[in-house]
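Participant: Just final13.csv, nothing more (CSV, C-alpha atoms and all ligand atoms):
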```csv
chain,number,residue,atom,x,y,z
N,1,MET,CA,70.0,84.8,81.7
N,2,LYS,CA,69.8,88.3,80.4
N,3,HIS,CA,72.0,89.5,77.5
N,4,PHE,CA,75.1,91.1,79.1
N,5,GLY,CA,75.7,93.5,76.3
N,6,LYS,CA,78.8,93.8,74.3
N,7,PHE,CA,80.8,95.9,76.8
N,8,THR,CA,80.2,93.5,79.7
N,9,ALA,CA,80.8,90.6,77.4
N,10,ALA,CA,84.2,92.0,76.2
N,11,LEU,CA,85.1,92.8,79.8
N,12,LEU,CA,84.3,89.3,81.0
N,13,ALA,CA,86.1,87.8,78.2
N,14,LEU,CA,89.2,89.9,78.9
N,15,LEU,CA,89.1,88.8,82.6
N,16,LEU,CA,88.8,85.2,81.4
N,17,GLY,CA,91.8,85.8,79.1
N,18,PHE,CA,89.9,85.2,75.8
N,19,SER,CA,89.8,87.3,72.8
N,20,VAL,CA,86.4,88.5,71.5
N,21,SER,CA,85.3,90.5,68.6
N,22,SER,CA,83.3,93.0,70.7
N,23,ALA,CA,82.5,95.2,67.7
N,24,ALA,CA,82.1,92.5,65.2
N,25,VAL,CA,81.9,93.9,61.7
N,26,THR,CA,81.1,92.0,58.6
N,27,ALA,CA,82.9,92.2,55.2
N,28,ASP,CA,80.2,94.7,54.2
N,29,GLY,CA,81.1,96.9,57.1
N,30,LYS,CA,77.9,96.1,59.0
N,31,SER,CA,77.9,96.4,62.8
N,32,GLY,CA,77.7,93.1,64.7
N,33,ASP,CA,75.1,94.6,67.0
N,34,THR,CA,72.7,95.2,64.1
N,35,LEU,CA,72.1,92.7,61.3
N,36,GLN,CA,71.5,94.4,58.0
N,37,PHE,CA,71.2,93.5,54.3
N,38,GLY,CA,74.2,94.5,52.3
N,39,ALA,CA,74.2,97.0,49.5
N,40,ASP,CA,73.8,94.1,47.1
N,41,GLY,CA,70.5,93.3,48.8
N,42,LYS,CA,71.8,89.9,50.1
N,43,PHE,CA,72.3,88.5,53.6
N,44,LYS,CA,74.1,85.1,54.0
N,45,ILE,CA,73.7,82.9,57.1
N,46,MET,CA,76.0,79.9,57.6
N,47,ILE,CA,74.9,77.1,59.9
N,48,PHE,CA,77.2,74.9,62.0
N,49,THR,CA,75.3,72.2,63.9
N,50,ASP,CA,76.0,69.3,66.2
N,51,ALA,CA,79.7,69.8,66.5
N,52,HIS,CA,79.6,67.8,69.8
N,53,GLU,CA,83.0,69.3,70.4
N,54,ASP,CA,85.2,69.3,73.5
N,55,ASP,CA,87.9,71.7,74.5
N,56,GLU,CA,90.2,70.4,71.7
N,57,LEU,CA,88.4,71.1,68.6
N,58,ALA,CA,88.9,68.4,66.0
N,59,GLU,CA,91.2,69.8,63.2
N,60,SER,CA,88.9,68.6,60.4
N,61,THR,CA,86.0,70.5,62.0
N,62,ARG,CA,88.1,73.6,62.4
N,63,MET,CA,89.2,73.4,58.8
N,64,LEU,CA,85.7,72.8,57.6
N,65,MET,CA,84.5,75.9,59.3
N,66,CYS,CA,87.5,78.0,58.2
N,67,GLU,CA,87.3,77.0,54.6
N,68,ALA,CA,83.5,77.4,54.4
N,69,LEU,CA,83.7,80.8,56.1
N,70,ASP,CA,86.5,82.0,53.8
N,71,LYS,CA,84.8,80.7,50.6
N,72,TYR,CA,81.2,81.9,51.3
N,73,GLN,CA,81.8,84.9,53.6
N,74,PRO,CA,78.5,84.8,55.5
N,75,ASP,CA,77.1,87.8,57.3
N,76,PHE,CA,76.0,85.8,60.3
N,77,VAL,CA,76.6,82.3,61.7
N,78,VAL,CA,74.2,80.1,63.7
N,79,PHE,CA,75.4,77.3,65.9
N,80,LEU,CA,72.4,75.1,65.9
N,81,GLY,CA,72.8,73.1,69.0
N,82,ASP,CA,74.7,70.1,70.5
N,83,ASN,CA,77.5,72.5,70.2
N,84,THR,CA,79.7,71.2,73.1
N,85,THR,CA,79.6,67.9,74.8
N,86,VAL,CA,82.3,68.1,77.5
N,87,SER,CA,82.1,68.3,81.3
N,88,GLY,CA,83.2,71.0,83.7
N,89,TYR,CA,82.9,74.8,83.6
N,90,ASP,CA,86.5,75.5,82.4
N,91,ARG,CA,86.4,72.9,79.7
N,92,ILE,CA,83.0,74.1,78.4
N,93,VAL,CA,84.4,77.7,78.3
N,94,ALA,CA,87.4,76.4,76.3
N,95,ALA,CA,85.2,74.4,74.0
N,96,VAL,CA,83.0,77.4,73.2
N,97,ASP,CA,86.1,79.4,72.7
N,98,ALA,CA,87.6,76.9,70.2
N,99,LEU,CA,84.3,76.3,68.4
N,100,THR,CA,83.5,80.0,67.9
N,101,LYS,CA,87.1,81.1,67.2
N,102,PRO,CA,87.1,80.7,63.4
N,103,THR,CA,83.9,82.8,63.3
N,104,ARG,CA,85.1,85.4,65.8
N,105,GLU,CA,88.6,85.7,64.1
N,106,ARG,CA,86.8,86.8,60.9
N,107,GLY,CA,84.6,89.3,62.7
N,108,ILE,CA,81.4,87.6,61.8
N,109,PRO,CA,78.5,88.0,64.2
N,110,PHE,CA,76.9,84.8,65.5
N,111,GLY,CA,74.1,83.3,67.5
N,112,MET,CA,73.3,79.9,69.0
N,113,VAL,CA,70.5,77.7,70.2
N,114,HIS,CA,70.8,74.8,72.6
N,115,GLY,CA,70.7,71.2,71.5
N,116,ASN,CA,69.3,68.4,73.6
N,117,HIS,CA,72.7,67.4,74.8
N,118,ASP,CA,74.4,70.7,75.7
N,119,SER,CA,73.1,70.8,79.3
N,120,GLU,CA,73.9,67.2,80.1
N,121,TYR,CA,77.5,67.9,81.1
N,122,GLY,CA,77.2,69.7,84.5
N,123,LEU,CA,76.0,73.2,83.6
N,124,SER,CA,72.5,74.5,83.2
N,125,ARG,CA,71.2,76.0,80.0
N,126,ASP,CA,71.4,79.5,81.7
N,127,GLU,CA,75.0,79.0,82.6
N,128,ILE,CA,75.9,77.9,79.1
N,129,CYS,CA,74.0,80.9,77.7
N,130,ALA,CA,76.2,83.1,79.9
N,131,ILE,CA,79.4,81.5,78.5
N,132,TRP,CA,78.3,82.1,74.9
N,133,ASP,CA,77.4,85.6,75.8
N,134,SER,CA,80.9,86.2,77.2
N,135,PHE,CA,82.2,85.5,73.7
N,136,GLY,CA,79.9,88.1,72.0
N,137,CYS,CA,77.1,85.8,71.0
N,138,MET,CA,74.2,87.9,69.7
N,139,THR,CA,71.4,85.7,70.7
N,140,TYR,CA,70.1,86.2,74.2
N,141,ASP,CA,67.4,85.3,76.6
N,142,ALA,CA,64.5,87.6,75.7
N,143,ASP,CA,62.4,86.6,78.6
N,144,PRO,CA,64.0,84.7,81.4
N,145,ALA,CA,60.6,83.5,82.6
N,146,LEU,CA,60.1,81.4,79.4
N,147,TYR,CA,60.8,77.7,79.3
N,148,GLY,CA,64.4,77.1,78.2
N,149,CYS,CA,67.1,79.7,77.6
N,150,GLY,CA,68.0,81.7,74.6
N,151,ASN,CA,64.5,82.2,73.1
N,152,CYS,CA,64.8,85.4,71.1
N,153,ASN,CA,64.6,87.1,67.7
N,154,LEU,CA,67.1,89.1,65.7
N,155,PRO,CA,65.7,91.4,63.1
N,156,ILE,CA,67.6,92.1,59.9
N,157,LEU,CA,67.3,95.7,58.7
N,158,SER,CA,66.8,96.6,55.1
N,159,SER,CA,70.0,97.7,53.2
N,160,ASP,CA,69.0,101.4,53.7
N,161,GLY,CA,68.3,100.8,57.4
N,162,ALA,CA,64.8,102.2,57.1
N,163,LYS,CA,62.9,99.1,58.2
N,164,THR,CA,63.0,95.5,59.4
N,165,ALA,CA,63.2,93.5,56.3
N,166,PHE,CA,63.5,90.0,57.8
N,167,ASN,CA,63.5,88.3,61.1
N,168,LEU,CA,65.3,85.4,62.7
N,169,TRP,CA,63.7,83.3,65.5
N,170,PHE,CA,65.9,81.3,67.9
N,171,ILE,CA,63.9,78.8,70.0
N,172,ASP,CA,65.2,76.5,72.7
N,173,SER,CA,63.6,73.1,71.8
N,174,GLY,CA,64.8,71.6,75.0
N,175,SER,CA,66.4,68.3,76.0
N,176,ASN,CA,64.2,65.4,77.2
N,177,ASN,CA,60.5,65.5,78.0
N,178,THR,CA,60.2,65.6,81.8
N,179,ASP,CA,56.4,65.8,82.0
N,180,PRO,CA,55.1,63.2,84.5
N,181,GLY,CA,54.9,59.8,82.8
N,182,ALA,CA,56.2,61.2,79.5
N,183,SER,CA,59.2,60.1,77.5
N,184,GLY,CA,61.0,61.1,74.3
N,185,TYR,CA,62.5,64.5,73.4
N,186,ASP,CA,61.4,67.8,74.8
N,187,TYR,CA,59.0,70.0,72.9
N,188,VAL,CA,58.4,73.8,72.4
N,189,HIS,CA,56.3,74.7,75.4
N,190,PRO,CA,53.0,76.8,75.3
N,191,ASP,CA,54.7,79.9,76.9
N,192,GLN,CA,57.4,79.9,74.2
N,193,ILE,CA,54.7,79.7,71.5
N,194,GLU,CA,52.7,82.5,73.1
N,195,TRP,CA,55.8,84.7,73.3
N,196,TYR,CA,56.5,84.0,69.7
N,197,LYS,CA,53.0,85.0,68.6
N,198,LYS,CA,53.0,88.1,70.8
N,199,THR,CA,56.5,89.2,69.5
N,200,ALA,CA,55.6,88.4,65.9
N,201,LEU,CA,52.4,90.5,66.1
N,202,ALA,CA,54.4,93.4,67.6
N,203,LEU,CA,56.8,93.2,64.7
N,204,LYS,CA,53.9,93.2,62.3
N,205,GLU,CA,52.5,96.3,63.9
N,206,GLN,CA,55.8,98.1,63.8
N,207,ASN,CA,56.0,97.1,60.1
N,208,GLY,CA,52.8,99.0,59.1
N,209,GLY,CA,50.6,95.9,59.6
N,210,GLU,CA,52.6,93.6,57.3
N,211,VAL,CA,54.1,90.4,58.7
N,212,VAL,CA,57.9,90.4,58.7
N,213,PRO,CA,59.1,87.2,56.8
N,214,ALA,CA,61.1,85.0,59.1
N,215,ILE,CA,63.2,81.9,59.5
N,216,ASP,CA,63.1,79.8,62.7
N,217,PHE,CA,66.2,78.1,64.1
N,218,GLN,CA,65.8,75.4,66.6
N,219,HIS,CA,67.7,72.1,67.3
N,220,ILE,CA,64.9,69.6,67.2
N,221,ILE,CA,62.6,69.1,64.2
N,222,ILE,CA,58.8,69.4,64.5
N,223,PRO,CA,56.8,66.2,64.9
N,224,GLU,CA,54.6,66.9,61.8
N,225,VAL,CA,57.6,65.7,59.8
N,226,TYR,CA,56.2,62.2,60.4
N,227,ASP,CA,52.8,63.0,58.9
N,228,GLU,CA,54.5,64.4,55.8
N,229,LEU,CA,57.1,61.7,55.2
N,230,TYR,CA,55.7,58.4,56.5
N,231,LEU,CA,52.7,56.3,55.9
N,232,GLU,CA,50.9,55.4,59.1
N,233,VAL,CA,49.7,51.8,59.1
N,234,PRO,CA,47.2,49.9,61.2
N,235,PHE,CA,49.5,47.0,62.0
N,236,SER,CA,53.1,46.3,63.1
N,237,ASN,CA,55.6,44.0,61.6
N,238,GLU,CA,59.2,43.6,62.7
N,239,LYS,CA,60.6,44.1,59.2
N,240,LEU,CA,58.1,46.4,57.5
N,241,THR,CA,57.1,48.9,60.2
N,242,PHE,CA,58.4,50.8,63.2
N,243,GLU,CA,56.7,52.3,66.2
N,244,ARG,CA,56.9,55.9,67.3
N,245,ALA,CA,54.7,57.8,69.8
N,246,ASP,CA,52.2,54.9,69.9
N,247,LYS,CA,51.8,54.8,66.1
N,248,ASP,CA,53.1,52.4,63.6
N,249,TYR,CA,54.7,53.6,60.4
N,250,PHE,CA,55.9,51.9,57.2
N,251,THR,CA,59.7,51.8,57.5
N,252,VAL,CA,60.5,53.5,54.2
N,253,PRO,CA,59.3,57.1,53.9
N,254,TYR,CA,57.9,58.7,50.7
N,255,LEU,CA,61.2,59.0,48.8
N,256,THR,CA,60.1,61.7,46.4
N,257,ARG,CA,59.2,64.0,49.4
N,258,LEU,CA,62.6,63.9,51.0
N,259,ASN,CA,64.5,66.3,48.8
N,260,GLY,CA,67.7,65.2,50.5
N,261,TYR,CA,69.4,62.3,52.2
N,262,TRP,CA,67.3,60.2,54.6
N,263,LEU,CA,69.9,58.1,56.5
N,264,GLU,CA,68.0,57.8,59.8
N,265,HIS,CA,64.5,58.2,61.1
N,266,PRO,CA,64.0,61.8,62.3
N,267,CYS,CA,63.8,62.3,66.1
N,268,PRO,CA,61.2,64.9,66.9
N,269,PRO,CA,59.3,65.1,70.2
N,270,ASP,CA,56.3,62.8,70.6
N,271,VAL,CA,54.2,65.9,71.6
N,272,TYR,CA,52.4,67.9,68.9
N,273,ASP,CA,53.1,71.2,70.5
N,274,GLY,CA,51.2,73.5,68.2
N,275,GLN,CA,54.3,75.4,66.9
N,276,LEU,CA,53.5,74.7,63.2
N,277,ALA,CA,49.9,75.9,63.7
N,278,ALA,CA,51.2,79.1,65.3
N,279,TRP,CA,53.5,79.7,62.4
N,280,LYS,CA,50.6,79.2,60.0
N,281,GLU,CA,48.4,81.5,62.1
N,282,ILE,CA,50.9,84.4,62.0
N,283,GLY,CA,52.1,83.7,58.5
N,284,ASP,CA,55.7,84.9,59.0
N,285,VAL,CA,57.8,81.7,59.2
N,286,ILE,CA,58.8,80.5,55.7
N,287,ALA,CA,61.4,77.9,56.9
N,288,GLU,CA,62.6,76.1,59.9
N,289,PHE,CA,66.2,74.8,60.2
N,290,ASN,CA,67.1,71.9,62.5
N,291,GLY,CA,70.1,69.9,63.5
N,292,HIS,CA,69.8,66.8,65.8
N,293,ASP,CA,69.6,64.1,63.1
N,294,HIS,CA,73.2,64.2,62.2
N,295,LYS,CA,73.1,62.4,58.8
N,296,ASN,CA,69.9,63.7,57.3
N,297,THR,CA,69.7,66.5,54.8
N,298,LEU,CA,65.9,66.5,54.4
N,299,GLN,CA,64.1,69.5,52.9
N,300,VAL,CA,60.3,69.0,53.4
N,301,ASN,CA,57.6,71.6,52.8
N,302,ILE,CA,54.9,71.1,55.4
N,303,ASP,CA,51.8,73.3,54.9
N,304,GLY,CA,53.9,76.1,53.3
N,305,VAL,CA,56.8,76.0,55.8
N,306,ASP,CA,60.1,74.5,54.6
N,307,VAL,CA,61.5,72.1,57.2
N,308,VAL,CA,65.2,71.7,56.6
N,309,ASN,CA,67.6,69.3,58.4
N,310,VAL,CA,71.2,70.5,58.4
N,311,PRO,CA,73.7,67.6,59.0
N,312,THR,CA,76.5,67.7,61.5
N,313,CYS,CA,79.7,69.6,60.9
N,314,GLY,CA,81.6,67.7,63.6
N,315,GLU,CA,84.1,65.0,63.4
N,316,ALA,CA,83.3,64.1,67.0
N,317,ALA,CA,79.7,63.5,66.2
N,318,TYR,CA,78.3,60.4,64.5
N,319,HIS,CA,78.1,61.3,60.8
N,320,SER,CA,78.2,60.3,57.2
N,321,ASP,CA,81.0,61.5,54.9
N,322,TYR,CA,78.4,62.0,52.2
N,323,THR,CA,76.4,64.6,54.2
N,324,ARG,CA,78.7,66.1,56.8
N,325,GLY,CA,79.0,69.8,56.1
N,326,VAL,CA,77.5,73.2,56.8
N,327,GLY,CA,74.3,74.9,55.7
N,328,LEU,CA,74.2,78.2,53.8
N,329,ILE,CA,71.1,80.4,53.5
N,330,THR,CA,71.1,83.4,51.1
N,331,LEU,CA,68.3,85.9,51.7
N,332,ASN,CA,67.3,88.3,49.0
N,333,GLU,CA,65.9,91.6,50.3
N,334,LYS,CA,63.9,92.2,47.1
N,335,ASN,CA,62.2,88.8,47.4
N,336,PRO,CA,62.6,87.8,51.1
N,337,ARG,CA,60.2,84.8,50.9
N,338,ASN,CA,62.2,83.2,48.1
N,339,TYR,CA,65.5,82.4,49.9
N,340,LYS,CA,68.2,80.1,48.6
N,341,TYR,CA,69.6,77.2,50.6
N,342,GLU,CA,72.7,75.2,49.8
N,343,LEU,CA,74.3,72.3,51.7
N,344,ILE,CA,78.1,72.7,51.6
N,345,GLN,CA,79.3,69.2,52.1
N,346,LEU,CA,82.7,68.7,53.6
N,347,TYR,CA,83.8,66.6,50.6
N,348,LYS,CA,83.2,69.5,48.2
N,349,LEU,CA,85.5,71.8,50.1
N,350,ALA,CA,88.0,69.0,50.5
N,351,LEU,CA,88.3,68.7,46.7
N,352,ALA,CA,89.7,72.2,46.3
N,353,LYS,CA,93.4,72.1,45.4
N,354,ASP,CA,94.7,73.9,48.4
N,355,SER,CA,92.2,72.4,51.0
N,356,ALA,CA,93.7,71.3,54.3
N,357,ILE,CA,90.7,69.1,55.0
N,358,PRO,CA,92.0,65.8,53.5
N,359,ALA,CA,95.1,66.0,55.7
N,360,ALA,CA,93.1,66.9,58.7
N,361,CYS,CA,90.8,63.9,58.1
N,362,GLY,CA,93.7,61.6,57.3
N,363,GLU,CA,92.3,60.9,53.8
N,364,GLU,CA,93.6,61.1,50.3
N,365,ARG,CA,92.0,63.5,47.9
N,366,SER,CA,90.9,60.5,45.8
N,367,TYR,CA,88.6,59.5,48.7
N,368,TYR,CA,86.6,62.7,48.2
N,369,GLN,CA,86.6,62.3,44.4
N,370,LYS,CA,84.9,58.9,45.0
N,371,ILE,CA,82.3,60.4,47.3
N,372,ALA,CA,81.6,63.2,44.7
N,373,ALA,CA,81.1,60.6,42.0
N,374,LEU,CA,78.7,58.5,44.1
N,375,ASP,CA,76.9,61.6,45.4
N,376,PHE,CA,76.1,62.7,41.9
N,377,VAL,CA,73.0,60.5,41.1
N,378,PRO,CA,71.2,61.1,44.4
N,379,GLN,CA,71.7,64.9,44.1
N,380,VAL,CA,70.2,64.8,40.6
N,381,PHE,CA,67.2,62.8,42.0
N,382,PHE,CA,66.8,65.3,44.9
N,383,THR,CA,67.0,68.3,42.5
N,384,VAL,CA,64.2,66.8,40.3
N,385,CYS,CA,62.1,66.0,43.3
N,386,ARG,CA,62.6,69.6,44.6
N,387,PHE,CA,61.5,71.0,41.3
N,388,PHE,CA,58.3,69.0,41.2
N,389,ASN,CA,57.6,69.4,44.9
N,390,GLY,CA,58.0,73.1,44.4
N,391,ILE,CA,55.4,73.1,41.7
N,392,GLY,CA,53.1,71.0,43.8
N,393,ALA,CA,53.5,73.3,46.8
N,394,LYS,CA,52.6,76.4,44.6
N,395,LEU,CA,49.6,74.6,43.1
N,396,SER,CA,48.4,73.6,46.6
N,397,MET,CA,48.7,77.2,47.8
N,398,LYS,CA,46.8,78.5,44.8
N,399,LEU,CA,44.1,75.9,45.3
N,400,GLY,CA,43.9,77.0,49.0
N,401,LYS,CA,45.0,73.8,50.6
V,501,FE,FE,73.6,65.9,68.1
```
Since I need it in another form, could you write the structure as structure tokens?
Ligand SMILES: [Fe+2]

Facilitator:
Amino acid sequence: MKHFGKFTAALLALLLGFSVSSAAVTADGKSGDTLQFGADGKFKIMIFTDAHEDDELAESTRMLMCEALDKYQPDFVVFLGDNTTVSGYDRIVAAVDALTKPTRERGIPFGMVHGNHDSEYGLSRDEICAIWDSFGCMTYDADPALYGCGNCNLPILSSDGAKTAFNLWFIDSGSNNTDPGASGYDYVHPDQIEWYKKTALALKEQNGGEVVPAIDFQHIIIPEVYDELYLEVPFSNEKLTFERADKDYFTVPYLTRLNGYWLEHPCPPDVYDGQLAAWKEIGDVIAEFNGHDHKNTLQVNIDGVDVVNVPTCGEAAYHSDYTRGVGLITLNEKNPRNYKYELIQLYKLALAKDSAIPAACGEERSYYQKIAALDFVPQVFFTVCRFFNGIGAKLSMKLGK
């Protein structure tokens, strides 16, 4: 489905009776049609994933989004898949309206990728793309011939507008693997990877032969996460191991490599699709952000690429009150490969004096104080691990691993 353009989107939204910020402008006065670093050299991206919402957005999810947007004032928002899980065209339109409203009301431009579940409720991925487009979504289907829908990139201009300083990739990681005889989740298909390589090389050429640093957004994590986190073993045991893609792994991962909460086994595709190899070949992707595994907050560096799992923001989704929240990336124009990532857990926002989150969740403030106290030790552990893993990654790069 091609990008309709802002005018068509606004017209369609008007006909449908919805409001849309057709000329979305950020707090820095940047046009929603062009992403650009602010005068301070920063660009903030907030991630909402796995809302799994229907047409009546849960109040706690709405308040989480509103309070996070108001406190951190991002320049761009990414909805990272499994955004709506409700049946019927009108209800899906209403669900997208409700889910994007806090972002649109604040005039913040936004993009989306599909999750594995979005197209399981009666509409195709193309039809869902068209609905998001009608609300002013900036991501689009760059090549309708590609597998999936919504594969595209959005460049971020330098603060002076003179060049592309950073790039955002949006890849449709599919639903279920429908190859004959196959099972498990879908994978990024060869034509998507070829398109990525071709487009990245064109960007490099436009940039005077230098690759443009980039972040990839896609719903499902890459399969190499298992090689990095788990010990493959040559036996199976009901209590000690588990099986995945015809391999047996020791049940407990390498804890010092997690850099975040591991509350469930990650669920990548079984197929090694070559996406990581393509990133390494081109050298532009510094990090990949995923949803999908609702409770995990893993941050794993695999061959120089940070693979980050953002937990669900949604009340309607299965979740943990320790990890439920939103992601926040801060890019620095002067040092674009050294980005900052923060997980804004719901409980942290709920502890603010004037927060409406406790009431929306039906909890007392003391409930979140208890979570904050219990979350302290793991966070210290993760921070220490991140520090040492960071040193290890730099050493490996210097030694030419
Ligand atoms: Fe999900």

Participant: Per residue of chain N within 8 Å of ligand FE 501 (chain V), which atom pair is closest and at what distance in Å (one decimal), using only C-alpha atoms and all ligand atoms, listed by chain and increasing number, as CSV?

Facilitator:
```
residue,atom,partner,partner_atom,distance
N:Thr49,CA,V:FE501,FE,7.8
N:Asp50,CA,V:FE501,FE,4.6
N:Ala51,CA,V:FE501,FE,7.4
N:His52,CA,V:FE501,FE,6.5
N:Gly81,CA,V:FE501,FE,7.3
N:Asp82,CA,V:FE501,FE,5.0
N:Asn83,CA,V:FE501,FE,7.9
N:Gly115,CA,V:FE501,FE,6.9
N:Asn116,CA,V:FE501,FE,7.4
N:His117,CA,V:FE501,FE,6.9
N:Gly291,CA,V:FE501,FE,7.0
N:His292,CA,V:FE501,FE,4.5
N:Asp293,CA,V:FE501,FE,6.7
N:His294,CA,V:FE501,FE,6.2
N:Thr312,CA,V:FE501,FE,7.4
N:Ala317,CA,V:FE501,FE,6.8
```

Participant: One number please: CA of Leu298 in chain N to CA of Pro336 in chain N, in Å, one decimal.

Facilitator: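 Separating CA of Leu298 in chain N from CA of Pro336 in chain N is a distance of 21.8 Å.
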
Participant: Closest to Tyr121 in chain N among N:Glu59, N:Glu224, N:Glu105, N:Asp54, using all atoms listed in the file?

Facilitator: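 Smallest distance to Tyr121 in chain N is found for N:Asp54.
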
Participant: Compile a residue-level contact table for range 246-363 of chain N against range 381-389 of chain N at a cut-off of 12 Å, reporting for every qualifying residue the shortest atom pair and its distance in Å to one decimal, with only C-alpha atoms counted, rows ordered by chain and ascending number, as CSV.

Facilitator:
```
residue,atom,partner,partner_atom,distance
N:Tyr254,CA,N:Cys385,CA,11.2
N:Leu255,CA,N:Cys385,CA,8.9
N:Thr256,CA,N:Cys385,CA,5.7
N:Arg257,CA,N:Cys385,CA,7.0
N:Leu258,CA,N:Phe382,CA,7.5
N:Asn259,CA,N:Phe382,CA,4.6
N:Gly260,CA,N:Phe382,CA,5.7
N:Tyr261,CA,N:Phe382,CA,8.3
N:Trp262,CA,N:Phe382,CA,11.0
N:Thr297,CA,N:Phe382,CA,10.4
N:Leu298,CA,N:Phe382,CA,9.6
N:Gln299,CA,N:Arg386,CA,8.4
N:Val300,CA,N:Asn389,CA,8.9
N:Asn301,CA,N:Asn389,CA,8.2
N:Ile302,CA,N:Asn389,CA,11.0
N:Gly304,CA,N:Asn389,CA,11.4
N:Asp306,CA,N:Asn389,CA,11.2
N:Tyr341,CA,N:Arg386,CA,11.9
N:Glu342,CA,N:Thr383,CA,11.5
```

Participant: Could you state the separation of CA of Thr85 in chain N and CA of Ala316 in chain N in Å, given to one decimal place?

Facilitator: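 Value for the CA of Thr85 in chain N-CA of Ala316 in chain N distance: 9.4 Å.
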
Participant: Excluding range 158-162 of chain N and its own-chain neighbours fewer than 2 positions away, which residues fall within 12 Å of it when counting all atoms listed in the file? Please give them as number ranges by chain.

Facilitator: N: 28-31, 34-43, 155-156, 164-167, 206-207, 212, 331-336

Participant: Which residues come within 9 Å of range 100-103 of chain N, counting all atoms listed in the file, excluding same-chain residues fewer than 2 positions away, as an MDAnalysis selection string?

Facilitator: chainID N and resid 19:20 62:63 65:66 69 76:77 79 95:98 105:110 132 135

Participant: What's the separation between CA of Gly327 in chain N and CA of Asn290 in chain N, in Å to one decimal place?

Facilitator: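 Taking CA of Gly327 in chain N as the start and CA of Asn290 in chain N as the end point, the length is 10.3 Å.
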
Participant: If we count only C-alpha atoms and set the cut-off at 9 Å, which residues sit around Leu328 in chain N, ignoring sequence neighbours fewer than 4 positions away in its own chain? Please answer as number ranges by chain.

Facilitator: N: 44-47, 72, 74, 340-344

Participant: Padding 6 Å on every side, please: axis-aligned box over the listed atoms of range 271-274 of chain N, centre and edge lengths to one decimal in Å, as JSON.

Facilitator:
```
{"center_x": 52.7, "center_y": 69.7, "center_z": 69.9, "size_x": 15.0, "size_y": 19.6, "size_z": 15.4}
```

Participant: Could you check which of N:Glu56, N:Asp246, N:Glu264, N:Asp133 is closest to Pro311 in chain N, using all atoms listed in the file?

Facilitator: N:Glu264

Participant: Find the residues around Met112 in chain N up to 8 Å (all atoms listed in the file counted), leave out those fewer than 5 positions away in its own chain, and share them as a list in words.

Facilitator: Val78, Phe79, Leu80, Gly81, Cys137, Thr139, Gly150 and Phe170 of chain N

Participant: Ranking N:Arg125, N:Arg244, N:Lys353, N:Lys348 by minimum distance to Gln369 in chain N and counting all atoms listed in the file, which one comes first?

Facilitator: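 Going through N:Arg125, N:Arg244, N:Lys353, N:Lys348 one by one, the smallest distance to Gln369 in chain N is for N:Lys348.
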
Participant: Which residue, N:Tyr230, N:Tyr347, N:Cys361, N:Tyr187, has the smallest gap to Asp375 in chain N when you use only C-alpha atoms?

Facilitator: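 When distances to Asp375 in chain N are compared using only C-alpha atoms, the smallest one comes from N:Tyr347.
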
Participant: Determine the nearest neighbour of Gly390 in chain N from the options N:Asn338, N:Ala278, N:Gln345, N:Lys71, counting only C-alpha atoms.

Facilitator: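 Checking each of N:Asn338, N:Ala278, N:Gln345, N:Lys71 against Gly390 in chain N, counting only C-alpha atoms, the winner is N:Asn338.
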
Participant: Using only C-alpha atoms, find the one residue out of N:Val271, N:Leu229, N:Leu276, N:Val285 that sits nearest to Asp179 in chain N.

Facilitator: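 Using only C-alpha atoms, Asp179 in chain N sits closest to N:Val271.
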